[in-house]
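S.K.: Quick one: the structure is below, questions incoming.
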Amino acid sequence: MADLTNDFIGIRSPNPFWLASAPPTDKAYNVERAFRAGWGGVVWKTLGEDPPIVNTTSRYGAVAYNGTRVAGFNNIELISDRPLAVNLQEIKQVKRDWPDRAIVVSLMVPCQEENWRAILGLVEDTGADGIELNFGCPHGMSERGMGSAVGQVPDYVEMVARWCKQATRMPVIVKLTPNITDILQPARAAKRGGADAVSLINTIQSVVSIDLDQMCPEPVVDGQGTHGGYCGPAVKPIALRMVGEIARDPDCAGMAISGIGGVSTWREAAEFIALGAGNVQVCTAAMTHGFKIVEDMIGGLGNWMDAKGYPATEAFHRAAVPRFVHWEDLNINHKTVARIDQASCIQCGKCYIACEDTSHQSIAALRDDSGQRRYEIKEEECVGCNLCQHVCPVDDCIEMVAVETDLGYANWQTHPNNPMRKEAAE
């Protein structure tokens with residue numbers, strides 16, 4: 001099997017799969033079970049100052065879709081509600097017992113230098129491998145001037161990152177909030193502050209559902225509800241985009257990235273690594289399937305790497321970044337058309353209905369001499385949007401085929417239909 005050993009900003013672990021800061025990493029019992037299952041590292045659930053905060057019940061909401069019970073996950077839980085001293089002692093014990101695993105400690109305290117310096121010294125004494133600054137929590141803590149309230153202000157991100165880098169020997173990871181217009185601003189600020197890495201995304205502000213009997217947002221807390229943080233498989237596309245934005249940004253060059261958001265299988269992990277993440281953090285998948293899900297992740301990633309000839313994750317790390325471009329750089333003279341494999345087509349008509357009702361009317365509904373239905377692409381009408389391919393229930397039944405043209409390459413910046421094209425401006 002390929003070598004999955006991971007070195008992330010000098011923090012080594014046997015594989016790139018870490019558990020994110022969340023309920024699964026709240027205490028030694030959970031973390032030790034995770035390590036026995038095979039997880040390469042954990043980010044300990046966010047620690048704050050004493051006295052501990054008080055959480056609510058209930059805490060979780062979920063979005064079910066197409067048979068998946070937890071397609072999206074919402075929580076209104078806050079940081080650790082256990083005494084700081086208890087957490088610190090358990091971190092020290094677990095690191096001593098599992099020296100080959102990565103233990104990073106998530107932290108959140110008021111935005112004062114003395115508060116950060118005080119807790120950094122305590123964490124350093126545990127022997128932890130690094131810290132993660134939680135600038136992402138979008139509920140409860142942000143109302144207290146912490147979490148995303150800091151992460152949404154780049155100057156604060158830079159300031160606190162600098163405080164921490166000056167006060168500790170440990171590598172510093174800044175966890176970014178997605179609840180912001182431009183993810184590059186806090187990422188660049190973290191780099192200016194000297195942070196070793198960023199991790200993203202934290203959860204997205206959300207209300208996942210309304211209880212129509214109680215007329216209350218869910219989860220319901222004594223007849224009331226509030227917004228929470230959204231995560232799980234549904235947020236993966238948002239997380240991938242933000243990771244890629246940072247990975248391709250020249251001002252973030254050299255900044256390591258820990259990818260978070262919807263990683264449920266080895267394939268999602270490979271996608272994040274290909275788009276710039278040095279490792280991945282997982283939460284919702286572990287909460288819905290248990291810690292042993294990491295066995296499938298490790299085995300699947302290793303088998304895929306063997307099949308592709310990748311000896312280590314570094315071999316495909318950032319491989320997709322050069323191809324992640326801005327829209328105006330795409331070749332708008334490139335043309336594809338759909339082709340239907342009649343041998344595998346089940347004549348369900350979903351492609352025809354989607355194209356006829358909502359797209360470009362480029363699929364013909366025919367019947368042969370026996371009355372059997374048949375669907376064929378009208379290539380002269382097909383714009384290559386590939387909607388039909390996505391709605392088709394049969395894998396590989398509809399293929400998008402490139403059509404030769406003599407138009408050559410042109411992007412929107414150079415296309416003659418653009419009145420502001422570069423040539424015109426020059």
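Naming scheme: A, B, ... for chains in displayed order of the structure tokens; residues 1 onward per chain; ligands 1 onward as shown.
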So which residues of segment 155-368 of chain A fall under strand (DSSP E or B) by DSSP, listed as a PyMOL selection string?
M.R.: chain A and resi 172-175+197-200+204-206+210-211+216-217+221+224+228-231+256-260+279-282+312+336-340+363-367
S.K.: Go ahead and save the residues from that selection, with C-alpha atoms, as a PDB file, in the first residue's frame.
M.R.:
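This is the output file again34.pdb:
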```
ATOM      1  CA  VAL A 172      -0.260  27.805  14.980  1.00  0.00           C
ATOM      2  CA  ILE A 173      -3.230  26.916  12.782  1.00  0.00           C
ATOM      3  CA  VAL A 174      -5.949  29.521  12.209  1.00  0.00           C
ATOM      4  CA  LYS A 175      -9.428  28.078  11.688  1.00  0.00           C
ATOM      5  CA  ALA A 197      -1.458  27.081   8.473  1.00  0.00           C
ATOM      6  CA  VAL A 198      -5.146  27.727   8.074  1.00  0.00           C
ATOM      7  CA  SER A 199      -7.934  25.199   8.484  1.00  0.00           C
ATOM      8  CA  LEU A 200     -11.304  25.542   6.789  1.00  0.00           C
ATOM      9  CA  ILE A 204     -21.970  27.882   8.118  1.00  0.00           C
ATOM     10  CA  GLN A 205     -24.694  29.917   9.818  1.00  0.00           C
ATOM     11  CA  SER A 206     -27.972  28.110   9.255  1.00  0.00           C
ATOM     12  CA  ILE A 210     -38.914  24.674  11.257  1.00  0.00           C
ATOM     13  CA  ASP A 211     -41.078  22.543  13.518  1.00  0.00           C
ATOM     14  CA  CYS A 216     -40.077  27.012  16.047  1.00  0.00           C
ATOM     15  CA  PRO A 217     -36.637  26.596  14.463  1.00  0.00           C
ATOM     16  CA  VAL A 221     -34.923  24.422  23.220  1.00  0.00           C
ATOM     17  CA  GLN A 224     -37.427  28.431  21.110  1.00  0.00           C
ATOM     18  CA  GLY A 228     -26.528  27.153  14.362  1.00  0.00           C
ATOM     19  CA  GLY A 229     -23.503  25.901  12.452  1.00  0.00           C
ATOM     20  CA  TYR A 230     -24.061  23.793   9.313  1.00  0.00           C
ATOM     21  CA  CYS A 231     -21.686  21.028   8.260  1.00  0.00           C
ATOM     22  CA  ALA A 256      -0.422  25.135   4.600  1.00  0.00           C
ATOM     23  CA  ILE A 257      -4.111  24.208   4.519  1.00  0.00           C
ATOM     24  CA  SER A 258      -6.072  21.669   6.557  1.00  0.00           C
ATOM     25  CA  GLY A 259      -9.263  20.836   4.665  1.00  0.00           C
ATOM     26  CA  ILE A 260     -12.575  20.537   6.509  1.00  0.00           C
ATOM     27  CA  ASN A 279      -4.492  16.877   5.371  1.00  0.00           C
ATOM     28  CA  VAL A 280      -8.206  16.646   6.158  1.00  0.00           C
ATOM     29  CA  GLN A 281     -10.337  16.918   9.271  1.00  0.00           C
ATOM     30  CA  VAL A 282     -13.535  14.922   9.731  1.00  0.00           C
ATOM     31  CA  ALA A 312       2.599   9.255  -1.154  1.00  0.00           C
ATOM     32  CA  THR A 336     -19.093  19.346 -26.312  1.00  0.00           C
ATOM     33  CA  VAL A 337     -22.284  17.498 -27.153  1.00  0.00           C
ATOM     34  CA  ALA A 338     -24.098  14.679 -25.371  1.00  0.00           C
ATOM     35  CA  ARG A 339     -24.123  11.123 -26.679  1.00  0.00           C
ATOM     36  CA  ILE A 340     -26.534   8.450 -25.394  1.00  0.00           C
ATOM     37  CA  ILE A 363     -33.233  15.478 -27.232  1.00  0.00           C
ATOM     38  CA  ALA A 364     -35.674  13.780 -29.589  1.00  0.00           C
ATOM     39  CA  ALA A 365     -38.254  11.321 -28.230  1.00  0.00           C
ATOM     40  CA  LEU A 366     -38.728   8.599 -30.858  1.00  0.00           C
ATOM     41  CA  ARG A 367     -40.333   5.173 -31.206  1.00  0.00           C
TER      42      ARG A 367
END
```
S.K.: Would you list the contacts of Pro237 of chain A as a compact mmCIF listing (two decimals) with N, CA and C atoms, in the first residue's frame, taking every protein, DNA or RNA residue within 12 Å and counting only C-alpha atoms, but skipping same-chain residues closer than 3 positions in sequence?
M.R.:
```
# COMPACT_ATOMS: atom_id res chain seq x y z
N ILE A 201 -13.39 24.50 6.14
CA ILE A 201 -14.16 25.59 6.69
C ILE A 201 -14.74 25.19 8.05
N CYS A 231 -22.83 21.80 8.73
CA CYS A 231 -21.69 21.03 8.26
C CYS A 231 -22.18 19.75 7.62
N GLY A 232 -21.29 18.81 7.37
CA GLY A 232 -21.69 17.54 6.77
C GLY A 232 -21.52 17.53 5.26
N PRO A 233 -21.95 16.44 4.60
CA PRO A 233 -21.74 16.29 3.16
C PRO A 233 -22.22 17.47 2.33
N ALA A 234 -23.30 18.14 2.76
CA ALA A 234 -23.86 19.22 1.96
C ALA A 234 -22.93 20.41 1.82
N LEU A 240 -14.60 23.07 -0.60
CA LEU A 240 -13.61 22.86 -1.67
C LEU A 240 -13.28 24.16 -2.37
N ARG A 241 -14.30 24.95 -2.67
CA ARG A 241 -14.06 26.22 -3.36
C ARG A 241 -13.17 27.13 -2.54
N MET A 242 -13.45 27.22 -1.24
CA MET A 242 -12.67 28.12 -0.40
C MET A 242 -11.24 27.62 -0.22
N VAL A 243 -11.06 26.32 -0.08
CA VAL A 243 -9.71 25.76 -0.01
C VAL A 243 -8.94 26.08 -1.30
N GLY A 244 -9.60 25.87 -2.44
CA GLY A 244 -8.95 26.16 -3.72
C GLY A 244 -8.61 27.63 -3.90
N GLY A 259 -7.95 20.78 5.29
CA GLY A 259 -9.26 20.84 4.66
C GLY A 259 -10.35 20.23 5.54
N ILE A 260 -11.45 20.98 5.68
CA ILE A 260 -12.58 20.54 6.51
C ILE A 260 -13.87 20.83 5.76
N GLY A 261 -14.83 19.90 5.84
CA GLY A 261 -16.15 20.18 5.29
C GLY A 261 -16.67 19.08 4.40
N GLY A 262 -17.42 18.16 4.98
CA GLY A 262 -18.08 17.13 4.18
C GLY A 262 -17.22 15.96 3.78
N VAL A 263 -16.08 15.76 4.43
CA VAL A 263 -15.24 14.60 4.11
C VAL A 263 -15.87 13.37 4.76
N GLU A 268 -13.42 12.11 -1.09
CA GLU A 268 -13.45 13.52 -0.71
C GLU A 268 -12.09 13.96 -0.18
N GLU A 271 -9.86 14.62 -3.05
CA GLU A 271 -10.22 15.87 -3.73
C GLU A 271 -9.65 17.08 -2.99
N PHE A 272 -9.79 17.08 -1.67
CA PHE A 272 -9.25 18.21 -0.90
C PHE A 272 -7.73 18.29 -1.04
N LEU A 275 -6.67 19.67 -4.31
CA LEU A 275 -6.95 21.10 -4.45
C LEU A 275 -6.21 21.93 -3.40
```
S.K.: Report as a PyMOL selection string: the residues of segment 271-329 of chain A with a DSSP assignment of helix (DSSP H, G or I), based on the backbone of this structure.
M.R.: chain A and resi 271-274+284-289+293-308+313-315+321-323+327-329
S.K.: Looking at only C-alpha atoms, which of A:Phe73, A:Tyr60, A:Trp98, A:Tyr310 is the one that sits closest to Val42 of chain A?
M.R.: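 With only C-alpha atoms as the atom set, the closest residue is A:Trp98.
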S.K.: Mind giving me the straight-line distance from atom CA of Ala102 of chain A to atom CA of Ile238 of chain A in Å, one decimal?
M.R.: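 Between atom CA of Ala102 of chain A and atom CA of Ile238 of chain A the gap works out to 26.5 Å.
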S.K.: What is the distance, in Å and to one decimal place, between atom CA of Asp155 of chain A and atom CA of Leu176 of chain A?
M.R.: 13.4 Å
S.K.: Restricting the calculation to only C-alpha atoms, which member of A:Ser58, A:Gln413, A:Pro16, A:Cys351 is positioned closest to Pro393 of chain A?
M.R.: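 Of the candidates, the smallest distance to Pro393 of chain A is held by A:Cys351.
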S.K.: From the options A:Gly145, A:His334, A:Ser370, A:Asp7, which residue's atoms come nearest to Ala402 of chain A, counting only C-alpha atoms?
M.R.: A:His334
S.K.: Quick one: of A:Glu379, A:Glu158, A:Asp251, A:Asp341, who's nearest to Asp395 of chain A, counting only C-alpha atoms?
M.R.: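 Answer, going by the shortest atom-to-atom distance: A:Asp341.
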S.K.: As a ChimeraX atom specification, please: the residues near Arg192 of chain A (cut-off 12 Å, only C-alpha atoms, same-chain neighbours under 6 positions excluded).
M.R.: /A:154-163,165,174,185-186,251-255
S.K.: What lies within 8 Å of Ala22 of chain A using only C-alpha atoms, ignoring chain neighbours under 5 positions off, as a VMD selection string?
M.R.: chain A and resid 44 to 46 283
S.K.: Using only C-alpha atoms, which residue out of A:Pro83, A:Gly384, A:Pro419, A:Gly309 lies closest to Asp3 of chain A?
M.R.: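 Counting only C-alpha atoms, the residue closest to Asp3 of chain A is A:Gly309.
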S.K.: For a quick check of understanding, using only C-alpha atoms, which of A:Lys27, A:Arg59, A:Ser264, A:Ile346 has the smallest distance to Thr288 of chain A?
M.R.: A:Ser264
